[in-house]
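Colleague: To start, I am sharing the structure in question, which I have written as structure tokens.
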Amino acid sequence: MRGLKLTERFKSTQVHALSSSSSETNGGNSSKASVAAATKPHNYLKRNKTMLPSWSKTKSRTTNNNSTSSLANLALLRLPSTDTIEPSIEPHLKPINLVETLSELYHRMECCTQSNKALMCAEQYSLLRGLGDQKILRRCLRTACQNAEDVLSKVVLSAWLRFERRDDELVGVCSMDCAGYVVECPKKNLEHGFSPCSVNDHCQCQKEPNQETCTDSVCLPDEESDVLFCVGSEEISCVRCRIAALSDPFNAMLYGGFAESKTNKIDFSGNGICPKGMRAVEFYSRTKRLDLFCPMTVLELLSFANRFCCVEMRSACDAHLASIVVNVEDALVLIEYGLEERATLLVGACLQVLLRELPNSLYNPKVAKIFCSFEAKERLANVGCASFLLYYFLSQVAMEESMVSKTTMMLLERMGECAAERWQKALAFHQLGCVLLERNEYKEAQHCFEAAVEEGHVYSLAGVARTKYKQGQPYSAYKLISSLIFEYKPAGWMYQERALYNMGKEKSFDLDVATELDPSLSFPYKYRALAKVEEKKIKEGIIELDRFIGFKLSPDCLELRAWLYVALEDYDSAMRDIRALLTIEPNYITSHGKIKGEYLLQLLNRGVQQKCQADCWMQLYQQWSCVDDIGSLAIIHQMLENEPGKSVLEFRQSLLLLRLNCQKAAMRSLRLARNHSSSMQERLVYEGWILYDTGYRKEALARADISIAKHRSFEAFFLKAYVLADTTLDPESSSYVIQLLKEALKCPSDGLRKGQALNNLGSIYVDCGKLELAKECYKNALAIRHTRAHQGVARIYHQKNQRKAAYDEMTKLIEKAESNASAYEKRSEYCDREMAKADLDVVTQLDPLRTYPYRYRAAGTFPCCSLSYLPFEFIN
């Protein structure tokens, strides 16, 4: 029976760590060795020949060819074993039942007051982070921006939204540019209070007239001075009633029972103001204007206003100084004055500049000093500018930059100090636990995870178990996770975690259950692949990784598969995976050699035949035709090596990445395409796609129209047609979209994009009932090897009630396509129930994340209508 003599299993258990992290914990010598391995891998490999497994002893030993020798050395980098790999603890909230938690939150959001809505949107954001859908996360932040009331929340959320879009990567875009949108306008952010606005509402800040006025145009009130303020040896003539109106203390002094009320000459020396500053006070008392003074004078007036309780002048100085903060240098200087004088608006304006410069500003030690320490947080709190939202945002940025830096840890500590609600405390403790775990500070990490559990975050128990395991208590970790499985509804991560503390068949059993409950977990596939490798079944290990990579592109799985191909001396396949990996994460470093992916690519290059750009184009057509997205991605990466900064290729890369559901990488490629565009009309098109993808459809259409006006191009017409078709497609707009696609097809473009346009045109024709025209479009698309057009032809047969012909057409697509889960899904509509169920079972095997097969099986009968067709094919 499983579970008997549990303690015996753990008697000889050794706590293993990944090679990359273990080298960092063995003192300075190990660290130096690790660095040497990264910089001089050949020497490192020669010193470690004993690490060569038996299956990697290849014929490369018998050759004197240098390139072959270099490639053989790659095999000396030992693959991780099943004993050393482990999954990471996810650094975000992970409810036991996400649906129930989101439902409860939605109910609370309906009933909450306006002042709480922004923070509740942030809670929704934190719950949805685990899904990894960037569009949903941006929508949460936009909603939070629209509902924010206080200045700090507006400043933080606006900067956060820009950071999620990575606007800092767009060449020529200023961090303080609002692009005309109210929710991102830096001026509007400094206005306190809720103002209902749509995400597409435009602000007028760029259209406001210039208010700068010369001194000669100032109209001064015709009032006679009746009191002199003496500052040092200088006398400043003032109007008594105007000065008295500045504050109650001045009114009491000038009209009360004090001696100053009975004299026309008042000695004002020693009150912390210079003659120039007193003249400014006198001028302000009559005109209520500050725009004619330099910042230092206004700062002096701010200090004066605080000292003498001049509330109106203090607010005016605060607002004026806030309006002139435009760069980091200004912010770093003025924020100190703002904190000292407790000028909330000025501090908020300075924070806005610093936050909009993230992540770069975080590397500035002066910026880190403002945020990181407990004393710094207290200074911000004194002016009402320290909040959970602020430190939540800063912590996310810091964690993306480095999980183990001291800055990250300090920001998370401050985040915990600002946390008020249970979910906030749970998140802060859990993320701090993840950081401490990465830093190998296991005892402290355990305390943080336990604190998160006390706040109701059950997933943090996985962190508690992991830290116990790291401290040599595997049996305690096993019991903890086992009790979790029995107490709650089992989830994939529970079995995955328990598998770490199990052995033999029971370990494999837990991992199989984890995959069944949650197919999106990569660790079980990696473990099973390495288990096959240890049995000297490398090809079977590759097949196991193929199962996962077939529906989810994961850098760690791509890297592992690449190493297995290296072991088989299949360098072409290894290069394909490394290129695809580097497209997703350009700065990727291998997990066990500390070798940069780019350097590994250079080594692999020596063992494959080099291709010119023309050969690459031919291969791209082949990969595109057989719907091999990863292969296409690798070819485009190679083409970009040959022609760096080629915007057309970067744009094509972004389309593939979107198809592979790599949204962050896709947007990065699209930004690069925009930055490297060779003409204004081309840049406008790429900006249009960026705007469309981030929810600004009207602006995307405007960009397309401007681009067409400058130069009629395929991409501009295609962009406009796609956005219109995705917005609304009534008969009138359908005719217009057809015209746009026809205009696009008249413009020069490559066959790959024209195939897409023809396919989309055919789809619109089918929607309009023009089947013959649609069939002609699909045939033309197939003629230029646009394989997915088979799906359109099948749809025409289905419209004509020729289900057998439709089924056969989809079979052709299945036979040609490398990625054919969607083809099986579509074919299931054109056959009887048993055959449909068989096809949908195949779909679930190929891509367990596709939802239609589950819905079909749950319904138990044929759906009353076919699967809905998207009118357009953007990336296929």
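Ligands are numbered from 1 in the order shown, chains are lettered A, B, ... in the order of the structure tokens, and residues start at 1 in each chain.
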If you run DSSP on this backbone, which residues of region 404-471 of chain A come out as alpha helix (DSSP H), and could you give them as number ranges by chain?
Modeller: A: 406-418, 422-438, 442-454, 460-470
Colleague: Can you list, as a list in words, every protein, DNA or RNA residue that comes within 9 Å of Leu137 (chain A) when you count only C-alpha atoms, leaving out same-chain residues fewer than 3 positions away?
Modeller: Gln124, Tyr125, Ser126, Leu128, Arg129, Gly132, Asp133, Gln134, Cys140, Leu141, Arg142 and Glu164 of chain A
Colleague: I'd like the contact shell of region 796-811 of chain A - 6 Å cut-off, only C-alpha atoms, skipping same-chain residues fewer than 4 positions apart - returned as a ChimeraX atom specification.
Modeller: /A:790,827,830
Colleague: Fewer than 6 positions away in the same chain doesn't count, so skip those; otherwise give me all residues within 10 Å of Lys265 (chain A), counting only C-alpha atoms, as a list of chain:residue names.
Modeller: A:Asp226, A:Val227, A:Leu228, A:Phe229, A:Cys230, A:Glu235, A:Ile236, A:Ser237
Colleague: Take the residues from that selection and put them in a file with all heavy atoms, as a tab-separated table (two decimals), in the first residue's frame.
Modeller:
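Output below, filename result-v6.tsv:
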```tsv
chain	number	residue	atom	x	y	z
A	226	ASP	N	0.12	100.93	2.35
A	226	ASP	CA	-0.06	101.62	3.62
A	226	ASP	C	0.73	100.99	4.77
A	226	ASP	O	0.52	101.31	5.93
A	226	ASP	CB	-1.55	101.68	4.00
A	226	ASP	CG	-2.20	100.31	3.99
A	226	ASP	OD1	-1.50	99.33	3.65
A	226	ASP	OD2	-3.40	100.20	4.33
A	227	VAL	N	1.63	100.05	4.44
A	227	VAL	CA	2.46	99.45	5.47
A	227	VAL	C	3.78	99.02	4.83
A	227	VAL	O	3.81	98.59	3.67
A	227	VAL	CB	1.76	98.26	6.13
A	227	VAL	CG1	1.52	97.13	5.14
A	227	VAL	CG2	2.55	97.74	7.33
A	228	LEU	N	4.86	99.17	5.59
A	228	LEU	CA	6.19	98.77	5.12
A	228	LEU	C	6.66	97.55	5.92
A	228	LEU	O	6.61	97.56	7.17
A	228	LEU	CB	7.18	99.91	5.28
A	228	LEU	CG	6.97	101.15	4.42
A	228	LEU	CD1	7.98	102.22	4.81
A	228	LEU	CD2	7.10	100.81	2.95
A	229	PHE	N	7.12	96.52	5.20
A	229	PHE	CA	7.75	95.36	5.85
A	229	PHE	C	9.25	95.49	5.63
A	229	PHE	O	9.73	95.52	4.48
A	229	PHE	CB	7.23	94.06	5.25
A	229	PHE	CG	5.91	93.62	5.82
A	229	PHE	CD1	4.72	94.19	5.39
A	229	PHE	CD2	5.87	92.66	6.82
A	229	PHE	CE1	3.50	93.79	5.92
A	229	PHE	CE2	4.65	92.26	7.35
A	229	PHE	CZ	3.46	92.82	6.92
A	230	CYS	N	10.00	95.58	6.72
A	230	CYS	CA	11.45	95.76	6.64
A	230	CYS	C	12.13	94.41	6.80
A	230	CYS	O	11.97	93.73	7.83
A	230	CYS	CB	11.93	96.70	7.74
A	230	CYS	SG	11.19	98.33	7.64
A	235	GLU	N	13.10	97.89	2.50
A	235	GLU	CA	11.71	98.11	2.88
A	235	GLU	C	10.80	97.73	1.70
A	235	GLU	O	11.04	98.16	0.57
A	235	GLU	CB	11.47	99.57	3.26
A	235	GLU	CG	12.25	100.00	4.49
A	235	GLU	CD	12.02	101.47	4.82
A	235	GLU	OE1	11.41	102.18	3.98
A	235	GLU	OE2	12.44	101.90	5.92
A	236	ILE	N	9.78	96.92	1.99
A	236	ILE	CA	8.86	96.47	0.95
A	236	ILE	C	7.49	97.07	1.25
A	236	ILE	O	6.91	96.83	2.32
A	236	ILE	CB	8.77	94.93	0.91
A	236	ILE	CG1	10.13	94.33	0.52
A	236	ILE	CG2	7.68	94.47	-0.06
A	236	ILE	CD1	11.01	93.99	1.67
A	237	SER	N	6.99	97.85	0.30
A	237	SER	CA	5.68	98.49	0.46
A	237	SER	C	4.58	97.47	0.21
A	237	SER	O	4.57	96.78	-0.82
A	237	SER	CB	5.53	99.65	-0.52
A	237	SER	OG	6.53	100.62	-0.27
```
Colleague: Give me, as a list in words, all polymer residues having an atom no more than 12 Å from Glu815 (chain A), counting only C-alpha atoms and skipping those fewer than 2 positions away in the same chain.
Modeller: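 Final neighbour list, sorted by chain and number: Ser625, Cys626, Val627, Thr787, Arg788, His790, Asp808, Glu809, Met810, Thr811, Lys812, Leu813, Ala817, Glu818, Ser819, Asn820, Ala821, Ala823 and Tyr824 of chain A.
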Colleague: Could you take the residues named above and write them with N, CA, C and O atoms, as a JSON list (two decimals), in the first residue's frame?
Modeller:
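What landed in result.json:
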```json
[["chain", "number", "residue", "atom", "x", "y", "z"],
["A", 625, "SER", "N", 3.46, 27.08, -44.77],
["A", 625, "SER", "CA", 2.52, 26.22, -45.50],
["A", 625, "SER", "C", 2.10, 25.02, -44.66],
["A", 625, "SER", "O", 0.94, 24.61, -44.69],
["A", 626, "CYS", "N", 3.03, 24.45, -43.88],
["A", 626, "CYS", "CA", 2.69, 23.29, -43.07],
["A", 626, "CYS", "C", 2.26, 23.70, -41.66],
["A", 626, "CYS", "O", 2.16, 22.86, -40.77],
["A", 627, "VAL", "N", 2.01, 24.99, -41.48],
["A", 627, "VAL", "CA", 1.51, 25.53, -40.21],
["A", 627, "VAL", "C", 2.42, 25.10, -39.05],
["A", 627, "VAL", "O", 1.96, 24.63, -38.02],
["A", 787, "THR", "N", -2.25, 27.19, -46.41],
["A", 787, "THR", "CA", -2.89, 25.91, -46.10],
["A", 787, "THR", "C", -4.19, 26.06, -45.32],
["A", 787, "THR", "O", -5.13, 25.27, -45.50],
["A", 788, "ARG", "N", -4.28, 27.05, -44.47],
["A", 788, "ARG", "CA", -5.48, 27.19, -43.63],
["A", 788, "ARG", "C", -6.73, 27.52, -44.45],
["A", 788, "ARG", "O", -7.84, 27.47, -43.92],
["A", 790, "HIS", "N", -7.99, 25.66, -46.50],
["A", 790, "HIS", "CA", -8.79, 24.43, -46.55],
["A", 790, "HIS", "C", -10.00, 24.55, -45.62],
["A", 790, "HIS", "O", -11.07, 24.03, -45.92],
["A", 808, "ASP", "N", -13.66, 15.78, -45.80],
["A", 808, "ASP", "CA", -12.45, 15.43, -46.57],
["A", 808, "ASP", "C", -11.52, 16.64, -46.71],
["A", 808, "ASP", "O", -10.29, 16.49, -46.67],
["A", 809, "GLU", "N", -12.11, 17.83, -46.85],
["A", 809, "GLU", "CA", -11.29, 19.04, -46.98],
["A", 809, "GLU", "C", -10.51, 19.30, -45.69],
["A", 809, "GLU", "O", -9.34, 19.67, -45.73],
["A", 810, "MET", "N", -11.17, 19.12, -44.55],
["A", 810, "MET", "CA", -10.48, 19.32, -43.28],
["A", 810, "MET", "C", -9.42, 18.24, -43.05],
["A", 810, "MET", "O", -8.40, 18.49, -42.40],
["A", 811, "THR", "N", -9.66, 17.05, -43.60],
["A", 811, "THR", "CA", -8.65, 15.98, -43.49],
["A", 811, "THR", "C", -7.38, 16.39, -44.22],
["A", 811, "THR", "O", -6.27, 16.11, -43.76],
["A", 812, "LYS", "N", -7.53, 17.08, -45.35],
["A", 812, "LYS", "CA", -6.35, 17.58, -46.08],
["A", 812, "LYS", "C", -5.55, 18.55, -45.20],
["A", 812, "LYS", "O", -4.32, 18.52, -45.18],
["A", 813, "LEU", "N", -6.26, 19.40, -44.49],
["A", 813, "LEU", "CA", -5.58, 20.35, -43.61],
["A", 813, "LEU", "C", -4.87, 19.61, -42.48],
["A", 813, "LEU", "O", -3.72, 19.94, -42.14],
["A", 817, "ALA", "N", -0.91, 20.09, -41.81],
["A", 817, "ALA", "CA", -0.57, 21.02, -40.73],
["A", 817, "ALA", "C", 0.25, 20.34, -39.64],
["A", 817, "ALA", "O", -0.08, 19.23, -39.19],
["A", 818, "GLU", "N", 1.31, 21.01, -39.22],
["A", 818, "GLU", "CA", 2.10, 20.56, -38.08],
["A", 818, "GLU", "C", 1.30, 20.76, -36.79],
["A", 818, "GLU", "O", 1.28, 19.91, -35.91],
["A", 819, "SER", "N", 0.68, 21.93, -36.67],
["A", 819, "SER", "CA", -0.18, 22.23, -35.51],
["A", 819, "SER", "C", -1.62, 22.09, -35.98],
["A", 819, "SER", "O", -2.15, 22.97, -36.64],
["A", 820, "ASN", "N", -2.25, 20.97, -35.64],
["A", 820, "ASN", "CA", -3.55, 20.67, -36.24],
["A", 820, "ASN", "C", -4.67, 20.44, -35.24],
["A", 820, "ASN", "O", -5.71, 19.87, -35.58],
["A", 821, "ALA", "N", -4.50, 20.88, -34.00],
["A", 821, "ALA", "CA", -5.58, 20.70, -33.02],
["A", 821, "ALA", "C", -6.85, 21.42, -33.47],
["A", 821, "ALA", "O", -7.95, 20.87, -33.39],
["A", 823, "ALA", "N", -7.70, 22.08, -36.46],
["A", 823, "ALA", "CA", -8.26, 21.40, -37.64],
["A", 823, "ALA", "C", -9.12, 20.21, -37.21],
["A", 823, "ALA", "O", -10.20, 19.98, -37.76],
["A", 824, "TYR", "N", -8.64, 19.44, -36.26],
["A", 824, "TYR", "CA", -9.45, 18.33, -35.75],
["A", 824, "TYR", "C", -10.74, 18.87, -35.14],
["A", 824, "TYR", "O", -11.82, 18.29, -35.31]]
```
Colleague: List the neighbours of Thr113 (chain A) out to 12 Å using only C-alpha atoms; skip same-chain residues closer than 6 positions along the sequence, and give me the result as a list of chain:residue names.
Modeller: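 Residues near the query, excluding close chain neighbours: A:Leu119, A:Met120, A:Asn147, A:Ala148, A:Glu149, A:Phe194.
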Colleague: Can those selected residues be exported to a file as a CSV table (one decimal), in the first residue's frame so that it contains C-alpha atoms?
Modeller:
```csv
chain,number,residue,atom,x,y,z
A,119,LEU,CA,-8.3,49.2,-5.0
A,120,MET,CA,-10.8,46.4,-5.7
A,147,ASN,CA,-12.3,54.8,-10.9
A,148,ALA,CA,-9.4,56.3,-9.0
A,149,GLU,CA,-10.2,59.4,-6.8
A,194,PHE,CA,-13.4,61.2,-9.3
```
Colleague: Pick out the residues sitting within 10 Å of Ser632 (chain A), and hand them over as a ChimeraX atom specification; count only C-alpha atoms, and ignore anything fewer than 3 positions along from it in its own chain.
Modeller: /A:576,580,616-617,619-629,635-638,652-653,656
Colleague: Looking at only C-alpha atoms, which of A:Val353, A:Val766, A:Ala858, A:Leu127 is the one that sits closest to Thr101 (chain A)?
Modeller: A:Leu127
Colleague: Between A:Arg857, A:Glu260, A:Met667, A:Ser677, which one has atoms that come closest to Trp689 (chain A), using only C-alpha atoms?
Modeller: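 Of the candidates, the smallest distance to Trp689 (chain A) is held by A:Met667.
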Colleague: Can you work out the spacing between CA of Asp570 (chain A) and CA of Ser822 (chain A) in Å, to one decimal?
Modeller: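 One can read the CA of Asp570 (chain A) to CA of Ser822 (chain A) distance as 29.0 Å.
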Colleague: Hey, which of A:Tyr363, A:Phe429, A:Tyr778, A:Tyr696 ends up closest to Ala445 (chain A)? Count only C-alpha atoms.
Modeller: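 Answer, going by the shortest atom-to-atom distance: A:Phe429.
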Colleague: Measuring atom to atom with only C-alpha atoms, identify which of A:Gly541, A:Pro848, A:Gly130, A:Gly472 is nearest to Glu825 (chain A).
Modeller: A:Pro848
Colleague: What separation in Å, quoted to one decimal, exists between CA of Ala673 (chain A) and CA of Arg703 (chain A)?
Modeller: 15.4 Å
Colleague: At what distance in Å, to one decimal, does CA of Cys768 (chain A) lie from CA of Ile706 (chain A)?
Modeller: 29.0 Å
Colleague: Nearest residue to Phe548 (chain A) out of A:Cys350, A:Leu846, A:Leu601, A:Ala666, using only C-alpha atoms?
Modeller: A:Leu846
Colleague: Between A:Gln396, A:Ala343, A:Leu290, A:Met618, which one has atoms that come closest to Ser315 (chain A), using only C-alpha atoms?
Modeller: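 Going through A:Gln396, A:Ala343, A:Leu290, A:Met618 one by one, the smallest distance to Ser315 (chain A) is for A:Ala343.
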